[in-house]
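Asks: Before I ask anything, let me first share the structure, which is written out below as structure tokens.
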Amino acid sequence: MKVFDTLILGCGPCGIRAGIILKGAGLDVAVIEGSTPGGKINIAPRVDNYPGFTKIPGPDLAVEFFTWLNDAGVEMIPDMVTSLTKDEEGLFHVDCDNGSYLAKTVLVATGTKERELDLPKEKELFGHGLSYCAVCDGHFFKGQDVLIIGGGNTALKEAIYMTDLAHHVYLIHRRNEFRGNKYLVTELDNLPNATILTPYIPVAILGNDSVTGVVIENRETGEQKTLEVQGVFPLVGQIPNSQFVNIDGVKDEWGTIPVDPKTKQTKVEGLYAGGDILPRDIRQIYLSEVDGKLAAKAIIEYLKK
Ligand SMILES: Cc1cc2nc3c(=O)[nH]c(=O)nc-3n(C[C@H](O)[C@H](O)[C@H](O)COP(=O)(O)OP(=O)(O)OC[C@H]3O[C@@H](n4cnc5c(N)ncnc54)[C@H](O)[C@@H]3O)c2cc1C
């Protein structure tokens, strides 16, 4: 079986930036992507802080990223990674839904996915009024009332995005202070069809075939009320996409992957990680790209040896 110099798992900003550099250095590299190339920016309604663009819709920026990768001639393998192991000879085995691959080095750049609320009916109503992505599914809720749950930038931005489509947008957050940027809170608060409610948590999702409402509870008073909404978007944090990493000592207790800050190498020789999958407080496109660049540089040095 062919042995790649490097396999990059995940085609987001981190994987793309690393792929372009490794290909430019003449390495035999491929990027494996299980969903949409471009990564999480595909579901960002608006990117406010990417150099060169004052404001750009996430999907448009994702296309730019993918174009850079294509123009560099980097091989893409559309497949979902299910297992990553290392054998006694030091080769990495990457198993996917539709094939298996071997590599001398691997960069894990698979990012994170949205955390679930763990409420009854959440799974049944997923796709029937419940979604974790307003940009992907917002158009289903034109003229309807929706609830966004969360207090970070993602929740705030998706709430602002939904005010253009929905009749009314509620946003609940469990604390009175927001983790997200103050200017986004102000922007949302000033919109005529948006209501911010704090400190509230969701306690039940209502509906049988589709969402008809959400019962929310005030964390200070215990008061409960029902918001009659047809759409609910839980945006309460992220969990790392690292379930497939089957090598001891690589992940921490949260499933994120600690690395050396300079080389992005994990505790395992030849195995690198970068982007949102790392333990970090701020997850941003430029940070992922920097990780991709540093990992690529270290991989080139490592393979020279
Ligand atoms: C709503 C929203 C708004 C945002 N706004 C901004 C902003 O304004 N500015 C900013 O800088 N950042 C913003 N971000 C954050 C930014 O999108 C991320 O920090 C960035 O995309 C992370 O890049 P990454 O390459 O680490 O991972 P990702 O972009 O998450 O890419 C990981 C890729 O790996 C793939 N993958 C996952 N598991 C597997 C598997 N098992 N097999 C194969 N492929 C897999 C995924 O499908 C994905 O394409 C926003 C995010 C969201 C959700």
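FYI, nothing fancy with the structure tokens labels: chains A, B, ... in order, residues from 1 per chain, ligands from 1 as they appear.
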Show me, as a tab-separated table, the residues of range 37-107 of chain A having an atom within 12 Å of range 113-117 of chain A, each with the closest atom pair and its distance in Å, using only C-alpha atoms.

Replies:
```
residue	atom	partner	partner_atom	distance
A:Gly39	CA	A:Lys113	CA	10.8
A:Lys40	CA	A:Lys113	CA	8.8
A:Ile43	CA	A:Lys113	CA	11.2
```

Asks: Quick one: residues within 7 Å of ligand 1, with only C-alpha atoms and all ligand atoms, as number ranges by chain?

Replies: A: 9-15, 32-41, 43-50, 79-82, 109-112, 153-154, 157-158, 241, 244, 274-277, 283-286, 288

Asks: May I have all residues of range 59-263 of chain A that DSSP, computed from the backbone, assigns to strand (DSSP E or B), given as a PyMOL selection string?

Replies: chain A and resi 75-78+81-86+92-96+100-108+112-114+126+130+145-149+168-172+194-197+200-206+213-218+224-227+231-234+238-240+245

Asks: Just give me the gap between CA of Cys133 in chain A and CA of Glu289 in chain A in Å, one decimal is fine.

Replies: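 Between CA of Cys133 in chain A and CA of Glu289 in chain A the gap is 22.9 Å.
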
Asks: Give the answer as one residue: which of A:Thr198, A:Thr67, A:Gln238, A:Asn176 has the shortest atom-to-atom distance to Tyr132 in chain A, using only C-alpha atoms?

Replies: A:Gln238

Asks: How would you write, as JSON, numbers by chain, the set of residues in range 30-66 of chain A that DSSP gives as helix (DSSP H, G or I)?

Replies: {"A": [39, 40, 41, 42, 43, 58, 59, 60, 61, 62, 63, 64, 65, 66]}

Asks: Can you write out the residues you just picked, keeping C-alpha atoms, as a PDB file, in the first residue's frame?

Replies:
```pdb
ATOM      1  CA  GLY A  39     -14.383  23.544   7.629  1.00  0.00           C
ATOM      2  CA  LYS A  40     -16.459  25.297  10.208  1.00  0.00           C
ATOM      3  CA  ILE A  41     -16.451  28.672   8.476  1.00  0.00           C
ATOM      4  CA  ASN A  42     -19.055  27.103   6.193  1.00  0.00           C
ATOM      5  CA  ILE A  43     -21.536  27.549   9.039  1.00  0.00           C
ATOM      6  CA  GLY A  58     -18.466  32.350   6.177  1.00  0.00           C
ATOM      7  CA  PRO A  59     -19.412  30.135   3.185  1.00  0.00           C
ATOM      8  CA  ASP A  60     -17.793  32.662   0.791  1.00  0.00           C
ATOM      9  CA  LEU A  61     -14.567  32.599   2.791  1.00  0.00           C
ATOM     10  CA  ALA A  62     -14.694  28.786   2.844  1.00  0.00           C
ATOM     11  CA  VAL A  63     -14.777  28.821  -0.965  1.00  0.00           C
ATOM     12  CA  GLU A  64     -11.709  31.110  -0.990  1.00  0.00           C
ATOM     13  CA  PHE A  65      -9.861  28.670   1.280  1.00  0.00           C
ATOM     14  CA  PHE A  66     -10.810  25.671  -0.826  1.00  0.00           C
TER      15      PHE A  66
END
```

Asks: Give me the residues near Leu271 in chain A as a PyMOL selection string, where near means some atom within 6 Å (using only C-alpha atoms) and where sequence neighbours in that chain fewer than 4 positions away do not count.

Replies: chain A and resi 105-106+265-266

Asks: Please identify every residue of range 86-133 of chain A that has at least one atom no farther than 12 Å from an atom of range 200-206 of chain A, counting only C-alpha atoms, and for each give the shortest atom pair and the distance in Å to one decimal, arranged by chain then increasing number, as CSV.

Replies:
```
residue,atom,partner,partner_atom,distance
A:Glu116,CA,A:Pro202,CA,11.9
A:Leu117,CA,A:Pro202,CA,8.4
A:Asp118,CA,A:Val203,CA,9.9
A:Leu119,CA,A:Ala204,CA,6.5
A:Pro120,CA,A:Ala204,CA,7.0
A:Lys121,CA,A:Ile205,CA,6.6
A:Glu122,CA,A:Ile205,CA,7.1
A:Lys123,CA,A:Ile205,CA,10.6
A:Glu124,CA,A:Ile205,CA,10.5
A:Leu125,CA,A:Ile205,CA,8.6
A:Phe126,CA,A:Ile205,CA,11.0
A:His128,CA,A:Leu206,CA,11.5
A:Gly129,CA,A:Ile205,CA,10.2
A:Leu130,CA,A:Ile205,CA,9.3
```

Asks: Could you tell me how far CA of Gly24 in chain A lies from CA of Pro261 in chain A, in Å and to one decimal?

Replies: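 Rounded to one decimal, the two atoms are 23.2 Å apart.
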